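Worksheet: one structure, shown below.
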Amino acid sequence: MEELSHSDNSMHGSPLCWVSEHSGFCGSIKNSASDFVVTEINMCGQLVSDVGIECCQDTCSIECRQEKSHPSHNKRLKKQEKTPENLSGWPVFDKSEDAKVMYSEVNQTAVCNLSESAANCCSMQVSKTWGDTLDLLLGSSVAEALEKFAFLSKDRRPVKAEGTEDEAMLLLGTFREKSQRAAIHLAVRQKFPFLKTVTNSAEIRVRLDPRYLELCQLVSEKEADGLFCFLDSKERSSKFTFQPDGNKAHRKAVHHFVSKYFGKLVETKSFSEQNGSGHHGAVITVRFRDRNVKSSRKRNTNDCQAEPAIYTVFTLCKVNLETLEAVACLASELGVVPSDFSYAGIKDKKAVTSQTMVVKNVTINRLKAKQLSIQSKGLKVYNLRAATQHLRVGQLKGNHFSIIVRNISKHQEDDPEASLTDRVFEAIEIVKEKGFVNYYGPQRFGLGQNVQADQIGLALLKEMLVKAVHLFFTPEEGNDPVNKAKRHFIQTEDAKATLALMPEYKTRERLVLRALNRFGNNREGCTRAWLSFPHSMRILYIHSYCSKVWNEAVSFRLKAYGLKVVEGDLVACDNVDGELLSQNNQVHTVTAEDLESNIYSINQVVLPMPGNNIQYPRNKLHSWYQEALARDGLKACKFRIPALQLNIPGCYRRLLAQPQQLVYQWLEGKEAPFAKEGCGLATDESKQRQETGDSLSLSFSLNSSCYATVCLREIMKCNV
């Protein structure tokens, strides 16, 4: 391998180093989205655009099978003869296939449980309705007294003349069996959700729930009844929706109420809705939090026997859209939250991209029914199939790129007698053979922005959460709506007014503003704001900072030692593939004996990404890392942010990368054909096509976390 040469170019403040000394050429990329087509390669080595219904679970880590094989797809619930949803005007639960028919299943399950309790305690058969159930458990006279007490309590009528709290309670009796008490608690709350049951020793009393009264100040009694029945049912795969509400302040109060009393159990989200009159409003949806959230509550038998969540995997094709914007659009269409989606990585915005995604709590049939509606938003979902778990970031083999470089010309300092095509073909063949320095690309940091993602990541690592929010809203030059909104927030810190100014498509900004509006601009509010992002998006800012450090470390390493292996280097073990290595036992520290044996090559050298579970090279790089972190105020950093539920263990990344299956074609003429548009989505760019000079078509694959723009820089020897 040739000696290293350097360029005046830089990669986010770090001098850019080359592997070879060829001349390169000039050109432009991403003249249109269809000039830059990215297709994800899954763990099976398949292009996700070609994936069929079946895929090997062992190699892909996602079990893909026919829809009918998932147990929750085949289950059909019988409705009870008398259920609350049959009552006129009752708040309706989601009855789609991916959300259970709430009341019918609650009644069916509860009656089944009560049957066992009654059989053990009373040796009686339980009726299908909650009223009959209470008759059986309490006796007719007590059940009638309870009915009267409930009627008077709900109408706010004094039960006794004094009206004291003790006198406004009703004793249901003494019940020695715990299972019997549990059955009574459930039956009372399901029939009278506005009542609260209280146990003292073996006695059970009931009284009006003060939380119910407070909620009735905000919503109708029917909505309050519906919410409390939903909460007591504990059917975790269902959800409850309030009536549409166009008043933001009122919705905020409802959000606060639910968070205050039931925040550990459920979460709320607002979704925009347009009624028949054309007026825009929003509905608040309540659903149970995931079980993997730590809780002090003991697990019961029902928890252990709960059905597994439904996961549907699909291929998403998008054009000129950020990944998070696409996810927000899909979430709105499907009535779920953005955190229900998982994906292996973020794809380019100005491109036609195809990638695998997994959505939780949405069936294949539900997604099929929404395909046309989703496509009208400029997205395409296809290759639908069932899965058993979510996707993890990095769970892909790589990406395939189809790129057109336009307006090809020689560098100004190049030999005027040299052939342009010779220069182009020479550059491609050299990089095809020798590879390129595996820098993180500029899109990792936020190309051309006043405040880049790594600066926000540094503030988060230092747990300066309020400062991180202000950096996030730092405006760019210009007076477009987005920068106007950002400028307004920096000047006023008025989240509510800024939210009204922020365009709908700015998903991340609106998520933060909603949280700040609900919880305030202090540290707690800013913590909630960052937690409103999916985990994969929160940690992306941290990774951006670590990537900046890695880029700088690479440049230092190449200047200090060049393209040769030296003592103290870290190298990937012989049996380890991939660009990123996550385990310490996957790397080896080069010794003097190793150098004498000449058993390692520069292609095996790796550098660590900062974290709390990595080792550093035992040469000049060790002190360089310590000084770099200390310079940024992270000398004592543990790379854990408990407030944001983030842990950064670190990893190892190969110094050099190699393009695979690289093919190219010279395109002469004024009007070179555009790359394939992908997925059949219209890009609306044919009108923008202009006459161009000679062009170059390139097609190649890269391992995960490698950047096509960095590969092109090595080929062309210029910024692209």
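Ligands are numbered from 1 in the order shown, residues from 1 within each chain, and chains are lettered A, B, ... in the order they appear in the structure tokens.
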ask   = What residues in region 188-401 of chain A get the DSSP label helix (DSSP H, G or I)? Please answer as a PyMOL selection string.
value = chain A and resi 188-191+210-216+221-233+248-262+301-304+323-334+338-340+364-369+371-375
Residues from the last selection, C-alpha atoms, saved as an mmCIF file, in the first residue's frame:
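Here's the written file again-v4.cif:
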data_model
loop_
_atom_site.group_PDB
_atom_site.id
_atom_site.type_symbol
_atom_site.label_atom_id
_atom_site.label_comp_id
_atom_site.auth_asym_id
_atom_site.auth_seq_id
_atom_site.Cartn_x
_atom_site.Cartn_y
_atom_site.Cartn_z
ATOM 1 C CA VAL A 188 -67.123 -2.958 41.576
ATOM 2 C CA ARG A 189 -64.642 -0.891 39.567
ATOM 3 C CA GLN A 190 -65.847 -2.287 36.238
ATOM 4 C CA LYS A 191 -69.544 -1.647 36.995
ATOM 5 C CA PRO A 210 -61.788 11.930 44.161
ATOM 6 C CA ARG A 211 -59.719 11.452 40.992
ATOM 7 C CA TYR A 212 -62.934 10.742 39.120
ATOM 8 C CA LEU A 213 -64.443 13.984 40.366
ATOM 9 C CA GLU A 214 -61.343 15.882 39.273
ATOM 10 C CA LEU A 215 -61.440 14.324 35.806
ATOM 11 C CA CYS A 216 -65.137 15.153 35.428
ATOM 12 C CA GLU A 221 -68.764 11.568 32.690
ATOM 13 C CA LYS A 222 -68.926 9.048 29.853
ATOM 14 C CA GLU A 223 -65.277 9.732 28.992
ATOM 15 C CA ALA A 224 -64.294 9.557 32.659
ATOM 16 C CA ASP A 225 -66.136 6.233 33.048
ATOM 17 C CA GLY A 226 -64.426 4.914 29.931
ATOM 18 C CA LEU A 227 -60.946 5.889 31.094
ATOM 19 C CA PHE A 228 -61.326 4.339 34.558
ATOM 20 C CA CYS A 229 -62.741 1.100 33.102
ATOM 21 C CA PHE A 230 -59.817 1.012 30.677
ATOM 22 C CA LEU A 231 -57.297 1.497 33.505
ATOM 23 C CA ASP A 232 -58.834 -1.205 35.693
ATOM 24 C CA SER A 233 -59.038 -3.697 32.847
ATOM 25 C CA LYS A 248 -54.759 23.046 23.265
ATOM 26 C CA ALA A 249 -54.918 24.354 26.832
ATOM 27 C CA HIS A 250 -57.679 21.883 27.657
ATOM 28 C CA ARG A 251 -55.759 18.982 26.115
ATOM 29 C CA LYS A 252 -52.727 20.019 28.150
ATOM 30 C CA ALA A 253 -54.807 19.811 31.347
ATOM 31 C CA VAL A 254 -55.998 16.306 30.431
ATOM 32 C CA HIS A 255 -52.417 15.218 29.712
ATOM 33 C CA HIS A 256 -51.355 16.588 33.102
ATOM 34 C CA PHE A 257 -54.158 14.775 34.915
ATOM 35 C CA VAL A 258 -53.362 11.376 33.418
ATOM 36 C CA SER A 259 -49.606 11.852 33.940
ATOM 37 C CA LYS A 260 -50.080 13.006 37.539
ATOM 38 C CA TYR A 261 -52.163 10.046 38.707
ATOM 39 C CA PHE A 262 -51.369 7.240 36.273
ATOM 40 C CA THR A 301 -50.287 -14.538 37.188
ATOM 41 C CA ASN A 302 -52.080 -12.493 34.530
ATOM 42 C CA ASP A 303 -48.839 -10.631 33.753
ATOM 43 C CA CYS A 304 -46.978 -13.879 33.183
ATOM 44 C CA THR A 323 -36.272 8.855 8.530
ATOM 45 C CA LEU A 324 -37.904 10.358 11.629
ATOM 46 C CA GLU A 325 -40.280 12.429 9.490
ATOM 47 C CA ALA A 326 -41.308 9.255 7.673
ATOM 48 C CA VAL A 327 -41.838 7.458 10.996
ATOM 49 C CA ALA A 328 -43.998 10.309 12.306
ATOM 50 C CA CYS A 329 -46.122 10.161 9.154
ATOM 51 C CA LEU A 330 -46.584 6.394 9.493
ATOM 52 C CA ALA A 331 -47.433 6.716 13.196
ATOM 53 C CA SER A 332 -50.122 9.284 12.423
ATOM 54 C CA GLU A 333 -51.639 7.094 9.708
ATOM 55 C CA LEU A 334 -51.666 3.954 11.862
ATOM 56 C CA PRO A 338 -43.267 6.938 16.801
ATOM 57 C CA SER A 339 -41.555 4.840 19.478
ATOM 58 C CA ASP A 340 -43.550 1.823 18.228
ATOM 59 C CA ILE A 364 -50.485 -7.082 8.673
ATOM 60 C CA ASN A 365 -54.131 -6.551 7.707
ATOM 61 C CA ARG A 366 -54.194 -3.128 9.343
ATOM 62 C CA LEU A 367 -51.039 -2.089 7.503
ATOM 63 C CA LYS A 368 -52.385 -3.459 4.214
ATOM 64 C CA ALA A 369 -55.545 -1.412 4.634
ATOM 65 C CA GLN A 371 -51.046 1.159 2.113
ATOM 66 C CA LEU A 372 -52.808 3.453 -0.369
ATOM 67 C CA SER A 373 -53.280 6.195 2.220
ATOM 68 C CA ILE A 374 -49.588 5.964 3.150
ATOM 69 C CA GLN A 375 -48.537 6.096 -0.506
#
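Distance check against Leu391 (chain A) using only C-alpha atoms: of A:Gly345, A:Arg528, A:Val283, A:Cys26, the minimum falls on A:Gly345.
In this model, the gap between CA of Tyr664 (chain A) and CA of Leu316 (chain A) comes to 26.9 Å.
Among A:Tyr561, A:Phe445, A:Tyr439, A:Tyr505, the residue with the shortest atom-to-atom distance to Ser544 (chain A), counting only C-alpha atoms, is A:Phe445.
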